[in-house]
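K.L.:
My structure is in structure_6.txt, and what it holds is compact mmCIF, N, CA and C atoms:
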```
# COMPACT_ATOMS: atom_id res chain seq x y z
N MET A 6 111.98 46.80 29.77
CA MET A 6 112.78 47.74 30.53
C MET A 6 112.87 47.24 31.97
N THR A 7 114.03 47.35 32.55
CA THR A 7 114.26 46.80 33.88
C THR A 7 114.37 47.88 34.95
N LEU A 8 113.64 48.93 34.79
CA LEU A 8 113.66 50.02 35.77
C LEU A 8 112.95 49.57 37.04
N ALA A 9 113.57 49.80 38.18
CA ALA A 9 113.01 49.40 39.46
C ALA A 9 111.70 50.15 39.74
N THR A 10 110.82 49.49 40.46
CA THR A 10 109.53 50.09 40.82
C THR A 10 109.72 51.43 41.54
N GLU A 11 110.70 51.51 42.42
CA GLU A 11 110.96 52.76 43.15
C GLU A 11 111.32 53.89 42.19
N ASP A 12 112.09 53.56 41.15
CA ASP A 12 112.46 54.57 40.16
C ASP A 12 111.25 55.00 39.34
N ARG A 13 110.42 54.04 38.98
CA ARG A 13 109.20 54.38 38.23
C ARG A 13 108.31 55.33 39.03
N LEU A 14 108.14 55.03 40.30
CA LEU A 14 107.31 55.89 41.16
C LEU A 14 107.93 57.28 41.28
N ALA A 15 109.24 57.34 41.46
CA ALA A 15 109.92 58.62 41.58
C ALA A 15 109.78 59.45 40.30
N ILE A 16 109.84 58.80 39.15
CA ILE A 16 109.72 59.50 37.87
C ILE A 16 108.29 60.03 37.70
N VAL A 17 107.29 59.23 38.02
CA VAL A 17 105.90 59.70 37.91
C VAL A 17 105.66 60.88 38.86
N GLU A 18 106.20 60.82 40.06
CA GLU A 18 106.06 61.95 40.99
C GLU A 18 106.79 63.18 40.47
N LEU A 19 107.94 62.99 39.85
CA LEU A 19 108.66 64.11 39.25
C LEU A 19 107.82 64.79 38.19
N ILE A 20 107.25 64.01 37.29
CA ILE A 20 106.43 64.57 36.21
C ILE A 20 105.22 65.31 36.81
N SER A 21 104.65 64.78 37.87
CA SER A 21 103.51 65.41 38.53
C SER A 21 103.89 66.70 39.24
N LEU A 22 105.13 66.81 39.68
CA LEU A 22 105.59 67.98 40.42
C LEU A 22 105.51 69.26 39.59
N HIS A 23 105.64 69.14 38.28
CA HIS A 23 105.62 70.30 37.39
C HIS A 23 104.43 71.22 37.68
N GLY A 24 103.23 70.68 37.69
CA GLY A 24 102.03 71.49 37.91
C GLY A 24 102.01 72.15 39.27
N HIS A 25 102.45 71.44 40.28
CA HIS A 25 102.44 72.01 41.63
C HIS A 25 103.38 73.21 41.73
N LEU A 26 104.59 73.07 41.19
CA LEU A 26 105.55 74.16 41.29
C LEU A 26 105.09 75.39 40.51
N PHE A 27 104.66 75.19 39.27
CA PHE A 27 104.24 76.33 38.46
C PHE A 27 102.94 76.94 38.97
N ASP A 28 101.97 76.12 39.28
CA ASP A 28 100.68 76.66 39.73
C ASP A 28 100.79 77.40 41.06
N ASP A 29 101.71 76.97 41.90
CA ASP A 29 101.93 77.63 43.19
C ASP A 29 102.89 78.81 43.09
N GLY A 30 103.45 79.04 41.90
CA GLY A 30 104.41 80.12 41.73
C GLY A 30 105.73 79.87 42.43
N ARG A 31 106.06 78.60 42.66
CA ARG A 31 107.29 78.24 43.38
C ARG A 31 108.44 78.08 42.39
N LEU A 32 108.68 79.12 41.61
CA LEU A 32 109.68 79.07 40.55
C LEU A 32 111.11 78.98 41.09
N ASP A 33 111.31 79.32 42.36
CA ASP A 33 112.62 79.19 42.97
C ASP A 33 112.96 77.74 43.30
N GLU A 34 112.00 76.83 43.11
CA GLU A 34 112.23 75.41 43.40
C GLU A 34 112.37 74.56 42.13
N LEU A 35 112.56 75.19 40.99
CA LEU A 35 112.62 74.45 39.73
C LEU A 35 113.82 73.51 39.64
N THR A 36 114.82 73.68 40.52
CA THR A 36 115.94 72.73 40.53
C THR A 36 115.49 71.35 41.01
N GLU A 37 114.34 71.26 41.66
CA GLU A 37 113.78 69.97 42.07
C GLU A 37 113.16 69.24 40.88
N LEU A 38 112.91 69.96 39.80
CA LEU A 38 112.23 69.42 38.64
C LEU A 38 113.17 69.21 37.44
N PHE A 39 114.04 70.18 37.21
CA PHE A 39 114.88 70.20 36.01
C PHE A 39 116.36 70.10 36.35
N THR A 40 117.15 69.60 35.38
CA THR A 40 118.59 69.73 35.46
C THR A 40 118.94 71.19 35.18
N GLU A 41 120.10 71.63 35.62
CA GLU A 41 120.52 73.02 35.38
C GLU A 41 120.60 73.34 33.89
N ASP A 42 120.97 72.34 33.07
CA ASP A 42 121.14 72.55 31.63
C ASP A 42 119.94 72.08 30.81
N VAL A 43 118.76 72.05 31.42
CA VAL A 43 117.55 71.59 30.77
C VAL A 43 117.29 72.38 29.47
N VAL A 44 116.73 71.68 28.49
CA VAL A 44 116.22 72.32 27.28
C VAL A 44 114.72 72.10 27.29
N TYR A 45 113.97 73.20 27.26
CA TYR A 45 112.50 73.18 27.36
C TYR A 45 111.97 73.73 26.04
N ASP A 46 111.47 72.85 25.20
CA ASP A 46 111.06 73.21 23.85
C ASP A 46 109.57 73.54 23.82
N VAL A 47 109.28 74.82 23.70
CA VAL A 47 107.90 75.29 23.59
C VAL A 47 107.68 75.96 22.23
N SER A 48 108.33 75.39 21.21
CA SER A 48 108.20 75.89 19.84
C SER A 48 106.75 75.87 19.38
N ALA A 49 105.98 74.89 19.83
CA ALA A 49 104.58 74.77 19.44
C ALA A 49 103.75 75.97 19.90
N PHE A 50 104.31 76.74 20.83
CA PHE A 50 103.63 77.93 21.35
C PHE A 50 104.37 79.22 20.97
N GLY A 51 105.28 79.10 20.00
CA GLY A 51 105.97 80.26 19.48
C GLY A 51 107.10 80.79 20.35
N GLN A 52 107.56 80.01 21.33
CA GLN A 52 108.62 80.49 22.22
C GLN A 52 109.96 79.81 21.97
N GLY A 53 110.04 78.90 21.01
CA GLY A 53 111.32 78.24 20.71
C GLY A 53 111.78 77.33 21.82
N GLU A 54 113.09 77.17 21.93
CA GLU A 54 113.69 76.34 22.97
C GLU A 54 114.26 77.24 24.06
N LEU A 55 113.89 76.96 25.29
CA LEU A 55 114.42 77.68 26.44
C LEU A 55 115.55 76.84 27.02
N ALA A 56 116.72 77.44 27.19
CA ALA A 56 117.90 76.71 27.67
C ALA A 56 118.20 77.12 29.11
N GLY A 57 118.05 76.17 30.02
CA GLY A 57 118.37 76.40 31.42
C GLY A 57 117.18 76.84 32.26
N ILE A 58 117.30 76.63 33.54
CA ILE A 58 116.22 76.94 34.49
C ILE A 58 115.90 78.43 34.50
N ALA A 59 116.92 79.27 34.45
CA ALA A 59 116.69 80.72 34.49
C ALA A 59 115.82 81.16 33.32
N ALA A 60 116.06 80.60 32.13
CA ALA A 60 115.26 80.96 30.96
C ALA A 60 113.80 80.52 31.12
N ILE A 61 113.59 79.36 31.71
CA ILE A 61 112.22 78.87 31.95
C ILE A 61 111.51 79.78 32.94
N ARG A 62 112.21 80.10 34.02
CA ARG A 62 111.63 80.99 35.04
C ARG A 62 111.30 82.35 34.44
N ASP A 63 112.23 82.93 33.68
CA ASP A 63 112.01 84.24 33.07
C ASP A 63 110.83 84.21 32.10
N ALA A 64 110.71 83.14 31.32
CA ALA A 64 109.59 83.03 30.38
C ALA A 64 108.26 82.94 31.11
N ALA A 65 108.22 82.19 32.20
CA ALA A 65 106.98 82.08 32.99
C ALA A 65 106.60 83.43 33.57
N LEU A 66 107.57 84.15 34.09
CA LEU A 66 107.30 85.48 34.67
C LEU A 66 106.86 86.47 33.59
N ALA A 67 107.49 86.40 32.42
CA ALA A 67 107.12 87.30 31.32
C ALA A 67 105.70 87.02 30.82
N LEU A 68 105.30 85.76 30.84
CA LEU A 68 103.95 85.40 30.41
C LEU A 68 102.90 85.89 31.40
N GLY A 69 103.29 85.98 32.66
CA GLY A 69 102.42 86.56 33.69
C GLY A 69 101.04 85.94 33.74
N ALA A 70 100.01 86.77 33.60
CA ALA A 70 98.62 86.32 33.68
C ALA A 70 98.23 85.39 32.52
N GLY A 71 99.09 85.28 31.52
CA GLY A 71 98.84 84.37 30.41
C GLY A 71 99.15 82.91 30.73
N ASN A 72 99.74 82.68 31.92
CA ASN A 72 100.00 81.31 32.35
C ASN A 72 98.70 80.62 32.74
N PRO A 73 98.64 79.29 32.58
CA PRO A 73 97.49 78.57 33.12
C PRO A 73 97.44 78.71 34.64
N VAL A 74 96.24 78.68 35.19
CA VAL A 74 96.10 78.67 36.65
C VAL A 74 96.23 77.25 37.18
N ALA A 75 96.09 76.26 36.28
CA ALA A 75 96.21 74.87 36.69
C ALA A 75 96.82 74.04 35.56
N HIS A 76 97.85 73.28 35.93
CA HIS A 76 98.45 72.28 35.04
C HIS A 76 98.11 70.92 35.63
N HIS A 77 97.50 70.07 34.83
CA HIS A 77 97.19 68.71 35.28
C HIS A 77 97.91 67.74 34.36
N VAL A 78 98.57 66.75 34.93
CA VAL A 78 99.29 65.77 34.14
C VAL A 78 98.64 64.40 34.35
N THR A 79 98.64 63.61 33.28
CA THR A 79 98.02 62.29 33.33
C THR A 79 98.69 61.40 32.28
N ASN A 80 98.32 60.13 32.29
CA ASN A 80 98.78 59.19 31.27
C ASN A 80 100.31 59.15 31.17
N VAL A 81 101.00 59.07 32.29
CA VAL A 81 102.46 59.04 32.31
C VAL A 81 102.93 57.64 31.93
N VAL A 82 103.77 57.58 30.90
CA VAL A 82 104.30 56.31 30.41
C VAL A 82 105.80 56.45 30.22
N ILE A 83 106.56 55.58 30.84
CA ILE A 83 108.00 55.53 30.62
C ILE A 83 108.20 54.65 29.40
N THR A 84 108.66 55.27 28.30
CA THR A 84 108.64 54.57 27.02
C THR A 84 109.94 53.89 26.64
N ASP A 85 111.08 54.46 27.03
CA ASP A 85 112.38 53.90 26.62
C ASP A 85 113.40 54.06 27.72
N ASP A 86 114.19 53.01 27.91
CA ASP A 86 115.37 53.09 28.76
C ASP A 86 116.52 53.46 27.84
N LEU A 87 117.03 54.68 27.97
CA LEU A 87 118.09 55.15 27.09
C LEU A 87 119.48 54.78 27.59
N GLY A 88 119.53 54.07 28.73
CA GLY A 88 120.80 53.67 29.31
C GLY A 88 121.46 54.82 30.07
N GLY A 89 122.39 54.50 30.92
CA GLY A 89 123.11 55.52 31.67
C GLY A 89 122.22 56.38 32.55
N ASP A 90 121.23 55.76 33.19
CA ASP A 90 120.30 56.49 34.06
C ASP A 90 119.53 57.56 33.31
N ARG A 91 119.10 57.24 32.08
CA ARG A 91 118.28 58.13 31.25
C ARG A 91 117.10 57.35 30.72
N VAL A 92 115.91 57.95 30.83
CA VAL A 92 114.71 57.34 30.28
C VAL A 92 113.91 58.39 29.52
N ARG A 93 113.09 57.89 28.61
CA ARG A 93 112.18 58.75 27.87
C ARG A 93 110.80 58.56 28.50
N VAL A 94 110.10 59.68 28.74
CA VAL A 94 108.79 59.65 29.37
C VAL A 94 107.82 60.45 28.52
N ARG A 95 106.62 59.92 28.37
CA ARG A 95 105.57 60.60 27.62
C ARG A 95 104.38 60.76 28.54
N SER A 96 103.76 61.95 28.53
CA SER A 96 102.58 62.18 29.37
C SER A 96 101.66 63.18 28.69
N LYS A 97 100.46 63.28 29.21
CA LYS A 97 99.46 64.24 28.72
C LYS A 97 99.31 65.33 29.74
N GLY A 98 99.04 66.53 29.26
CA GLY A 98 98.81 67.65 30.15
C GLY A 98 97.56 68.41 29.77
N LEU A 99 96.89 68.91 30.78
CA LEU A 99 95.73 69.78 30.58
C LEU A 99 96.03 71.09 31.27
N GLY A 100 95.81 72.19 30.57
CA GLY A 100 96.01 73.50 31.15
C GLY A 100 94.67 74.22 31.26
N VAL A 101 94.41 74.78 32.42
CA VAL A 101 93.17 75.53 32.64
C VAL A 101 93.56 76.99 32.82
N MET A 102 92.96 77.85 32.00
CA MET A 102 93.27 79.28 32.06
C MET A 102 92.34 79.98 33.04
N ALA A 103 92.68 81.18 33.43
CA ALA A 103 91.90 81.94 34.41
C ALA A 103 90.47 82.17 33.94
N ASP A 104 90.25 82.26 32.63
CA ASP A 104 88.90 82.49 32.11
C ASP A 104 88.12 81.19 31.87
N GLY A 105 88.71 80.05 32.24
CA GLY A 105 88.03 78.77 32.11
C GLY A 105 88.36 78.00 30.85
N ARG A 106 89.02 78.63 29.89
CA ARG A 106 89.41 77.89 28.69
C ARG A 106 90.40 76.80 29.08
N CYS A 107 90.40 75.71 28.31
CA CYS A 107 91.29 74.58 28.57
C CYS A 107 92.05 74.23 27.30
N GLY A 108 93.20 73.64 27.48
CA GLY A 108 93.98 73.15 26.36
C GLY A 108 94.66 71.85 26.75
N SER A 109 95.07 71.10 25.72
CA SER A 109 95.72 69.82 25.94
C SER A 109 97.07 69.80 25.26
N VAL A 110 98.03 69.17 25.92
CA VAL A 110 99.37 69.02 25.35
C VAL A 110 99.85 67.59 25.58
N THR A 111 100.90 67.26 24.86
CA THR A 111 101.66 66.05 25.13
C THR A 111 103.07 66.48 25.52
N TYR A 112 103.56 65.95 26.64
CA TYR A 112 104.93 66.20 27.08
C TYR A 112 105.80 65.03 26.64
N GLU A 113 106.89 65.35 25.98
CA GLU A 113 107.90 64.35 25.60
C GLU A 113 109.15 64.70 26.39
N ASP A 114 109.52 63.88 27.35
CA ASP A 114 110.61 64.19 28.26
C ASP A 114 111.75 63.19 28.17
N VAL A 115 112.96 63.68 28.42
CA VAL A 115 114.10 62.84 28.74
C VAL A 115 114.42 63.14 30.19
N VAL A 116 114.38 62.11 31.01
CA VAL A 116 114.58 62.24 32.45
C VAL A 116 115.87 61.51 32.81
N VAL A 117 116.68 62.16 33.64
CA VAL A 117 117.98 61.59 34.02
C VAL A 117 118.10 61.50 35.54
N ARG A 118 118.89 60.53 35.97
CA ARG A 118 119.18 60.42 37.40
C ARG A 118 120.51 61.13 37.66
N ARG A 119 120.46 62.12 38.56
CA ARG A 119 121.66 62.84 38.95
C ARG A 119 121.67 63.02 40.45
N ASP A 120 122.79 62.75 41.05
CA ASP A 120 122.95 62.90 42.50
C ASP A 120 121.85 62.17 43.27
N GLY A 121 121.48 60.98 42.78
CA GLY A 121 120.51 60.15 43.48
C GLY A 121 119.06 60.48 43.22
N GLY A 122 118.77 61.54 42.44
CA GLY A 122 117.38 61.90 42.16
C GLY A 122 117.15 62.04 40.67
N TRP A 123 115.90 61.98 40.27
CA TRP A 123 115.52 62.10 38.86
C TRP A 123 115.16 63.54 38.55
N ARG A 124 115.57 64.02 37.37
CA ARG A 124 115.27 65.38 36.91
C ARG A 124 114.98 65.34 35.42
N ILE A 125 114.18 66.30 34.96
CA ILE A 125 113.90 66.43 33.53
C ILE A 125 115.07 67.18 32.89
N ALA A 126 115.69 66.56 31.88
CA ALA A 126 116.81 67.16 31.17
C ALA A 126 116.36 67.79 29.85
N ARG A 127 115.29 67.27 29.31
CA ARG A 127 114.74 67.81 28.05
C ARG A 127 113.24 67.61 28.07
N ARG A 128 112.52 68.66 27.71
CA ARG A 128 111.06 68.56 27.61
C ARG A 128 110.61 69.25 26.34
N ARG A 129 109.81 68.55 25.56
CA ARG A 129 109.17 69.13 24.39
C ARG A 129 107.68 69.12 24.67
N VAL A 130 107.05 70.27 24.50
CA VAL A 130 105.61 70.41 24.73
C VAL A 130 104.94 70.51 23.36
N GLU A 131 104.09 69.56 23.06
CA GLU A 131 103.37 69.55 21.79
C GLU A 131 101.90 69.87 22.04
N ALA A 132 101.39 70.86 21.34
CA ALA A 132 99.98 71.23 21.47
C ALA A 132 99.10 70.17 20.81
N ARG A 133 97.96 69.93 21.41
CA ARG A 133 96.97 69.02 20.84
C ARG A 133 95.78 69.85 20.40
N ARG A 134 95.62 70.00 19.08
CA ARG A 134 94.55 70.85 18.56
C ARG A 134 93.65 70.14 17.57
N VAL A 135 94.04 68.93 17.16
CA VAL A 135 93.30 68.19 16.13
C VAL A 135 92.95 66.81 16.67
N PRO A 136 91.66 66.42 16.63
CA PRO A 136 91.30 65.07 17.10
C PRO A 136 92.03 63.98 16.31
N LEU A 137 92.37 62.92 16.98
CA LEU A 137 93.05 61.76 16.39
C LEU A 137 94.35 62.13 15.71
N ASN A 138 94.93 63.26 16.10
CA ASN A 138 96.18 63.74 15.52
C ASN A 138 96.07 63.88 14.00
N GLY A 139 94.86 64.14 13.51
CA GLY A 139 94.63 64.35 12.08
C GLY A 139 94.29 63.12 11.29
N VAL A 140 94.26 61.95 11.92
CA VAL A 140 93.94 60.71 11.20
C VAL A 140 92.45 60.71 10.85
N THR A 141 92.15 60.39 9.61
CA THR A 141 90.74 60.32 9.16
C THR A 141 90.43 58.96 8.59
N GLY A 142 89.17 58.68 8.44
CA GLY A 142 88.72 57.38 7.92
C GLY A 142 88.68 57.34 6.41
N ALA A 143 89.07 58.41 5.75
CA ALA A 143 88.99 58.46 4.27
C ALA A 143 90.09 57.70 3.62
```
Is it possible to express this structure as structure tokens?
P.N.:
Amino acid sequence: MTLATEDRLAIVELISLHGHLFDDGRLDELTELFTEDVVYDVSAFGQGELAGIAAIRDAALALGAGNPVAHHVTNVVITDDLGGDRVRVRSKGLGVMADGRCGSVTYEDVVVRRDGGWRIARRRVEARRVPLNGVTGA
């Protein structure tokens, strides 16, 4: 992949921005993170696909105290250049709840460059509940 170093850094910072905006309750700034027509797939958590920033904001507000108090992202890998200023990004997320419980997810993103900046156009959140994704030695 021939993505410039500056673009790679901008994409990693974009992916990292998610936790800061949500954890700080800065839901009015989600246009810095997502395209207006973003599809946010949280089917793994029983919420289906959320279409658009308003739907994501409304779902976060409806969840209220059920939201994590901390989102941490790590292991960001740009996996595919899809052409036309579109890349596929994979990362890991850790969520810490108010009562101290933790959970792990994998984010599968399509990130696009629009108006000179990178934004998430599609995000699928996959829950991680089974070690080794179910692979066994048997």
K.L.:
Would you please work out which residue, of A:Ile83, A:Leu99, A:Ala143, A:Arg62, is nearest to Asp33 in chain A when using only N, CA and C atoms?
P.N.:
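Selected residue with least distance to Asp33 in chain A: A:Arg62.
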K.L.:
Considering only N, CA and C atoms, state which residue in the set A:Ala9, A:Val74, A:Leu66, A:Ala56 is at the smallest distance from Asp28 in chain A.
P.N.:
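Residue with the minimum atom-to-atom distance to Asp28 in chain A: A:Val74.
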K.L.:
Could you list, as a PyMOL selection string, every residue within 12 Å of Thr79 in chain A, counting only C-alpha atoms and ignoring same-chain residues fewer than 2 positions away?
P.N.:
chain A and resi 17-18+20-24+76-77+81-82+94-100+109-112
K.L.:
In Å to one decimal, how far is atom N of Arg91 in chain A from atom C of Leu8 in chain A?
P.N.:
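Atom N of Arg91 in chain A lies at a distance of 11.0 Å from atom C of Leu8 in chain A.
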K.L.:
Using Å and a single decimal, report how far atom N of Ala75 in chain A sits from CA of Val101 in chain A.
P.N.:
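Computed distance, CA of Val101 in chain A to atom N of Ala75 in chain A, equals 4.7 Å.
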K.L.:
Would you list, as a VMD selection string, the residues of range 48-121 of chain A that end up in alpha helix (DSSP H) under DSSP run on this structure's backbone?
P.N.:
chain A and resid 58 to 68
K.L.:
Show me, as JSON, numbers by chain, the residues that have an atom within 8 Å of Glu54 in chain A when counting only C-alpha atoms, minus same-chain residues fewer than 5 positions from it.
P.N.:
{"A": [44, 45, 46, 47, 48]}
K.L.:
Calculated over only N, CA and C atoms, which of the candidates A:Ala70, A:Leu19, A:Leu14, A:Ala49 has the smallest distance to Arg124 in chain A?
P.N.:
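Counting only N, CA and C atoms, the residue closest to Arg124 in chain A is A:Leu19.
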